[in-house]
Each structure stands twice: as C-alpha cells, then as structure tokens.
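Colleague: Take this structure first; my questions come after.
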Amino acid sequence: MDADDLLEGLNPAQYEAVTHGDGPLLVVAGAGSGKTRVLTHRIAHLIKVHGVSPFEILAITFTNKAAGEMKERIGRLVGPVAEKMWVSTFHSACVRILRRDATLLGYPSAFTIYDQADAVRLTGYVLRDLNIDPKRFPPRSVHATISAAKNDGLSAEDYLERASVIHERRIGEVFEEYQARLRKAGAMDFDDLLGVTVELLRTEPQVLEHYRNRFGNVLVDEYQDTNPVQNDLVMLLGEEHRNVCVVGDLDQCLVPGTLVRTPDGERPIEDIRVGDRVLGTIGHRSLVPATVTATKVGRYDGLIAELGGKPAPAVGWGLGIERVLALLEEVGVSAPVQAPDAYAVIPDAAALPLATACVEALRAEGCAVVLHAGGKDGLGSMKSQFKKADASGARHALVFG
C-alpha cells in the first residue's frame, strides 16, 4: 500500500493519531472507534513515511490471537516483513528478551516456563512441606495471592515486610520457598517473565541501552489493563526517546474534561473530590450512588487523540458496550457498522410500555432497531435482524429485554 493510501478514509481524530510525529501519544478509544486500524496504520506510517525500520518497532497487545490479527493487518499494509516484526503479547516479548540475557541474572538461557497448573502444583508441594493446612490455605488461592504480589512488583521479601497478620506471614513464607524452588529448577512462572525482565533492565544498563536503541517506537494496545510491572517495562523502554503510543479504553482512561455522572448531574472529572457522590453500576442494569474515597491525579504531557466510539444510552438503563459487543459476537455479528449508535435496556416484561416507547423513539430517529428478548431464541433473532438492518443502511440501535 502506498503512503498516501494509508490515510485514506481516516476521520480527523484517527488521522491525527496516525500522523503524529515524535513524542508520547495517548489514544482514548471506545469500542468500534477504529483503534486497531489506528495502531496498524500508525505503524505502517512510521515505516513508509518516517523511514523507521520495521525492526525498531515494538507493538504489544494482550492476547496471542489479537497479536496475530494485528500482525496480519500490518502485513497487508507493509508486506511480508511484518512476520518478523516484534508484534506480540507482553509475555512473548519478555521471553525473547530473557532467552538472550537471563543468564546475566543467573538463569539458564533455556529456562523452563511454568504454566498455571505447574505453578499451583508447586505451591501445593510447598504448603505440604511447610506443614501448612491446605484447607485453610488452598494452593490455588495462595498462588493467586503470590501472583497478585508479583504483578504489583513485590518480591517475596517485600511481601513479608508488608505482612501485618499471621495469615499474610504464612503466605509470605510460602512465597519465599516457592520462589527459591523456581530458581533452583531454573524456571520462571508467567509472572516472573514480566518481573525478571524489568529486573534485568534495571540492573543491567547495557541490556537496557540495547533495547532502548532497538525499539525507538513502542506501541501498546489496551493500556488500561496493564499492571504496575508491565507499566514499568514500557516506561523503562521509552524513558529516553518518549516515542510511546498507548491506546486506552474510553471508560477507563479518564482524561480532563471527562464527565462523571452524579446525583446532581454530570461534572468534569477534575472537579470530583473525596466525599463526593457519584453514580456507578452494579452488574449490567443497576445504577447506584457511591462515595468517592480517594482520587489520584495522573501526569501526562503528550498528545491525546480521542477517537470516541461509545454510544449514548437512549432510554432506560445503559448496558456496558463491551457486553453488547460480546453478545453480538456470540450470535456471529462481528462488526455492526462499527458499533450501535444507541442502546437501551428494558429490565423486565412489566416495563413493556417503556420498551414500546423506546423502540418508537429510536425508529423516529432513523435507527434500525434490533431487539433481544433473552435466551438463545432472542440471540438467533438478533442475527437475522442485523442482516435486515445492514441491508437497509440505517443506523443501528439495540434494545435488550
């Protein structure tokens, strides 16, 4: 694809994100906003317009499937070279780094990787050998605690120092022995792949310098899902050149100006203080007030590209758009003209008059209304309705019963 063709069909926000030059870039994107298109076209634009080597780009996403799809889409834009690019999950990228340099930390280059089942089994052996009752300390639960600590960047020693009750101290003892046995076996669990990579970059300056020079551009999808260790990894790699592009979910990356629902109406997020009352959701259909117990102001001085993509609720109770799209995927509808333009949730049959009014209002607005009454029959009906709606070319709307 020619460089000019890369920009064809982009809306202004997408264009701004794709063509942004050096420096940090935060892309705030809702479902159906074209965020994957922005990432892939930005990578292609860096290669074709800015002359960046394909091998100087690190692109990270959260699942192997998503990484494979991203690599395939990049390949359609830049050609076969995409197959050799670093487009992967955090864990896969860390494995490649560690296979090269983990020996500097005393691990064998052919270290073993323990999967979830291996890790839980090892935890059980440690509990047994320390004479700790597995009924009070189930192996799966104990390992989940160890995993959470590692994802927060805590070592076994750190965890023990913070332990304030006997239960936590016992888990800390298991954590210490668990980690010692991993090291003795020349092995790492999934969490270690991240933590040991960060340790390597922090303690071996020549390795950090190598990868900072290697990856002059770092791009991360679903950035709101990163844990502290993954965030540290991105910050270490991008600290000097600052060419870091991250995509965050519209509902979780709350930039200044984001409106927060309160019992007294919407307010900008920067005006929210501890003690204020805001409206949140429980499950998919219940909207309840809650009190703000803490706030934290983030710091960011780069470009923010807001792609939008979140449909506004029309009537009734809003259903999270991710849940809406999951239901669509369940019936085989992968992309209904981007995303629904409007949706509403009718909680039960007793609200039939509201459902009728909702449908009439949406149709008056030119929406092709797709109804879902629940159950398999409702999902099957949804699929056929979408086919008719697509054929009509009308805007989409969803009404869930």
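How things are named: the first chain in the structure tokens is A, the next is B, and so on; residues count from 1 in each chain; ligands count from 1 in the order shown.
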Pick out the residues sitting within 10 Å of A:Thr36, and hand them over as an MDAnalysis selection string; count only C-alpha atoms, and ignore anything fewer than 5 positions along from it in its own chain.
Modeller: chainID A and resid 29 41:42 66 69:70 73 221 247
Colleague: Next, the residues of the selection above should be written as a CSV table (one decimal), in the first residue's frame with all heavy atoms.
Modeller:
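What follows is the written file selection35.csv:
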chain,number,residue,atom,x,y,z
A,29,ALA,N,-10.0,5.5,23.2
A,29,ALA,CA,-10.9,4.9,22.2
A,29,ALA,C,-11.9,4.0,22.8
A,29,ALA,O,-11.7,3.2,23.6
A,29,ALA,CB,-10.0,4.1,21.2
A,41,HIS,N,-2.2,1.4,11.1
A,41,HIS,CA,-1.9,2.4,10.1
A,41,HIS,C,-0.7,3.3,10.7
A,41,HIS,O,0.1,3.8,9.9
A,41,HIS,CB,-3.1,3.2,9.8
A,41,HIS,CG,-4.0,2.5,8.8
A,41,HIS,ND1,-4.2,2.9,7.5
A,41,HIS,CD2,-4.7,1.3,8.9
A,41,HIS,CE1,-5.0,2.1,6.9
A,41,HIS,NE2,-5.3,1.1,7.7
A,42,ARG,N,-0.7,3.5,12.0
A,42,ARG,CA,0.4,4.3,12.5
A,42,ARG,C,1.7,3.6,12.3
A,42,ARG,O,2.7,4.2,12.0
A,42,ARG,CB,0.1,4.6,14.0
A,42,ARG,CG,1.3,5.4,14.6
A,42,ARG,CD,1.0,6.0,16.0
A,42,ARG,NE,2.2,6.6,16.6
A,42,ARG,CZ,2.7,7.8,16.2
A,42,ARG,NH1,2.1,8.4,15.2
A,42,ARG,NH2,3.8,8.2,16.8
A,66,ALA,N,-5.0,-11.6,19.4
A,66,ALA,CA,-5.0,-10.2,19.0
A,66,ALA,C,-3.7,-9.8,18.3
A,66,ALA,O,-3.6,-9.1,17.3
A,66,ALA,CB,-5.3,-9.3,20.2
A,69,GLU,N,-3.7,-11.2,14.8
A,69,GLU,CA,-4.5,-10.4,13.9
A,69,GLU,C,-3.9,-9.1,13.6
A,69,GLU,O,-4.0,-8.6,12.4
A,69,GLU,CB,-5.9,-10.2,14.5
A,69,GLU,CG,-6.7,-11.5,14.7
A,69,GLU,CD,-8.0,-11.3,15.5
A,69,GLU,OE1,-8.2,-10.2,16.1
A,69,GLU,OE2,-8.8,-12.2,15.5
A,70,MET,N,-3.2,-8.5,14.5
A,70,MET,CA,-2.6,-7.2,14.3
A,70,MET,C,-1.4,-7.4,13.3
A,70,MET,O,-1.2,-6.6,12.4
A,70,MET,CB,-2.0,-6.6,15.6
A,70,MET,CG,-1.4,-5.2,15.4
A,70,MET,SD,-0.7,-4.5,17.0
A,70,MET,CE,-2.3,-4.2,17.9
A,73,ARG,N,-2.8,-7.7,9.8
A,73,ARG,CA,-3.2,-6.4,9.3
A,73,ARG,C,-2.1,-5.5,8.9
A,73,ARG,O,-2.1,-4.8,7.9
A,73,ARG,CB,-4.2,-5.7,10.3
A,73,ARG,CG,-5.5,-6.5,10.4
A,73,ARG,CD,-6.4,-5.9,11.5
A,73,ARG,NE,-6.9,-4.6,11.1
A,73,ARG,CZ,-7.9,-4.0,11.7
A,73,ARG,NH1,-8.5,-4.6,12.7
A,73,ARG,NH2,-8.4,-2.8,11.3
A,221,ASP,N,-1.5,-1.7,23.0
A,221,ASP,CA,-3.0,-1.7,23.0
A,221,ASP,C,-3.6,-2.0,24.4
A,221,ASP,O,-2.9,-2.7,25.2
A,221,ASP,CB,-3.5,-2.7,21.9
A,221,ASP,CG,-4.9,-2.5,21.6
A,221,ASP,OD1,-5.5,-1.5,22.0
A,221,ASP,OD2,-5.5,-3.4,20.9
A,247,VAL,N,-3.0,2.9,23.7
A,247,VAL,CA,-4.4,3.0,23.4
A,247,VAL,C,-5.2,2.6,24.7
A,247,VAL,O,-4.9,1.5,25.3
A,247,VAL,CB,-4.9,2.1,22.3
A,247,VAL,CG1,-6.4,2.1,22.1
A,247,VAL,CG2,-4.2,2.5,21.0
Colleague: Looking only at alpha helix (DSSP H) from DSSP on the backbone, list the matching residues of stretch 70-255 of chain A as a ChimeraX atom specification.
Modeller: /A:70-78,90-101,116-129,139-151,156-162,166-184,190-203,205-214,228-238
Colleague: Kindly indicate which residue among A:Val260, A:Ala185, A:Leu208, A:Val142 lies nearest to A:Val292, using only C-alpha atoms for the distances.
Modeller: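 Counting only C-alpha atoms, the residue closest to A:Val292 is A:Val260.
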Colleague: Excluding A:Ala294 and its own-chain neighbours fewer than 5 positions away, which residues fall within 12 Å of it when counting only C-alpha atoms? Please give them as number ranges by chain.
Modeller: A: 272-277
Colleague: Mind writing the picked residues with C-alpha atoms as a CSV table (one decimal), in the first residue's frame?
Modeller:
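Dumped everything to again_19.csv:
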chain,number,residue,atom,x,y,z
A,272,ILE,CA,-14.5,15.4,41.7
A,273,ARG,CA,-13.3,15.3,45.3
A,274,VAL,CA,-13.1,12.8,48.1
A,275,GLY,CA,-16.5,12.6,49.7
A,276,ASP,CA,-18.4,13.5,46.6
A,277,ARG,CA,-21.3,11.2,45.5
Colleague: If we count only C-alpha atoms, what is near stretch 14-16 of chain A at a cut-off of 8 Å, once residues fewer than 5 positions away on the same chain are taken out, given as a PDB file with C-alpha atoms, in the first residue's frame?
Modeller:
ATOM      1  CA  LEU A   7      -4.500   7.968   5.282  1.00  0.00           C
ATOM      2  CA  GLY A  34     -11.261   2.007  14.781  1.00  0.00           C
ATOM      3  CA  VAL A  38      -5.186   3.487  14.023  1.00  0.00           C
ATOM      4  CA  ALA A 305      -6.348  11.675  20.435  1.00  0.00           C
ATOM      5  CA  LEU A 307     -11.495   8.551  18.856  1.00  0.00           C
TER       6      LEU A 307
END
Colleague: Residues within 10 Å of A:Gly124, please, as a PyMOL selection string. Count only C-alpha atoms; anything in the same chain fewer than 6 positions from it doesn't count.
Modeller: chain A and resi 118+130+132+134+137-140+142-143+174+178
Colleague: Please, which residues of stretch 101-189 of chain A, numbered as in this document, come out strand (DSSP E) from DSSP, as a list in words?
Modeller: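 Strand (DSSP E) assignments inside stretch 101-189 of chain A correspond to Thr112, Ile113, Tyr114, Ala187, Met188 and Asp189 of chain A.
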Colleague: Please determine, counting only C-alpha atoms, which residue among A:Ile146, A:Val218, A:Val87, A:Leu254 has the shortest atom-to-atom distance to A:Leu46.
Modeller: A:Val218
Colleague: Write out as a ChimeraX atom specification each polymer residue whose atoms come within 7 Å of A:Pro289, counting only C-alpha atoms; drop sequence neighbours fewer than 5 positions from it.
Modeller: /A:277-280
Colleague: Store the residues of this selection in a file with N, CA and C atoms, as a short mmCIF file (atom, residue, chain, number, x, y, z; two decimals), in the first residue's frame.
Modeller:
data_model
loop_
_atom_site.label_atom_id
_atom_site.label_comp_id
_atom_site.auth_asym_id
_atom_site.auth_seq_id
_atom_site.Cartn_x
_atom_site.Cartn_y
_atom_site.Cartn_z
N ARG A 277 -20.47 12.36 45.89
CA ARG A 277 -21.30 11.22 45.49
C ARG A 277 -21.33 11.13 43.97
N VAL A 278 -21.07 9.92 43.45
CA VAL A 278 -21.12 9.68 42.01
C VAL A 278 -22.01 8.47 41.76
N LEU A 279 -22.41 8.30 40.51
CA LEU A 279 -23.25 7.16 40.15
C LEU A 279 -22.41 6.09 39.47
N GLY A 280 -22.53 4.87 39.97
CA GLY A 280 -21.82 3.75 39.37
C GLY A 280 -22.80 2.63 39.09
#
Colleague: Which residues are near A:Thr145? Cut-off 10 Å, only C-alpha atoms, ignore same chain within fewer than 3 positions. Put them as a PyMOL selection string.
Modeller: chain A and resi 139-142+148-151+168+171-172+175
Colleague: Suppose we keep C-alpha atoms; can you now write the selection as a JSON list (two decimals), in the first residue's frame?
Modeller:
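Result saved to selection-v5.json:
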[["chain", "number", "residue", "atom", "x", "y", "z"],
["A", 139, "PRO", "CA", -2.94, -23.89, 46.80],
["A", 140, "ARG", "CA", -4.86, -22.08, 44.07],
["A", 141, "SER", "CA", -5.79, -19.23, 46.39],
["A", 142, "VAL", "CA", -2.27, -18.92, 47.80],
["A", 148, "ALA", "CA", -1.02, -10.53, 42.55],
["A", 149, "ALA", "CA", 2.01, -9.53, 44.62],
["A", 150, "LYS", "CA", 4.35, -10.16, 41.70],
["A", 151, "ASN", "CA", 2.14, -8.12, 39.37],
["A", 168, "GLU", "CA", -0.16, -12.97, 55.40],
["A", 171, "ILE", "CA", 1.71, -16.84, 52.67],
["A", 172, "GLY", "CA", 4.96, -14.86, 52.66],
["A", 175, "PHE", "CA", 6.14, -17.22, 48.59]]
Colleague: Calculated over only C-alpha atoms, which of the candidates A:Ser164, A:Thr197, A:Thr123, A:Ser53 has the smallest distance to A:Ala93?
Modeller: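 Checking each candidate against A:Ala93, we get A:Thr197 as the closest.
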Colleague: My list of candidates is A:Leu182, A:His91, A:Leu58, A:Ser147. Which is closest to A:Tyr107 when distances are computed with only C-alpha atoms?
Modeller: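 That would be A:Leu182, the residue with the smallest distance to A:Tyr107.
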Colleague: Rank nothing, just name the residue among A:Ser155, A:Thr226, A:Gln206, A:Asn243 nearest to A:Leu25, using only C-alpha atoms.
Modeller: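 Among the listed residues, the smallest separation from A:Leu25 belongs to A:Asn243.
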Colleague: For A:Ser92, which of A:Leu39, A:Leu122, A:Leu193, A:Ala3 is the closest residue, counting only C-alpha atoms?
Modeller: A:Leu193
Colleague: As an exercise, work out the distance from atom CA of A:Gly79 to atom CA of A:Cys245 in Å and give it to one decimal place.
Modeller: 22.2 Å
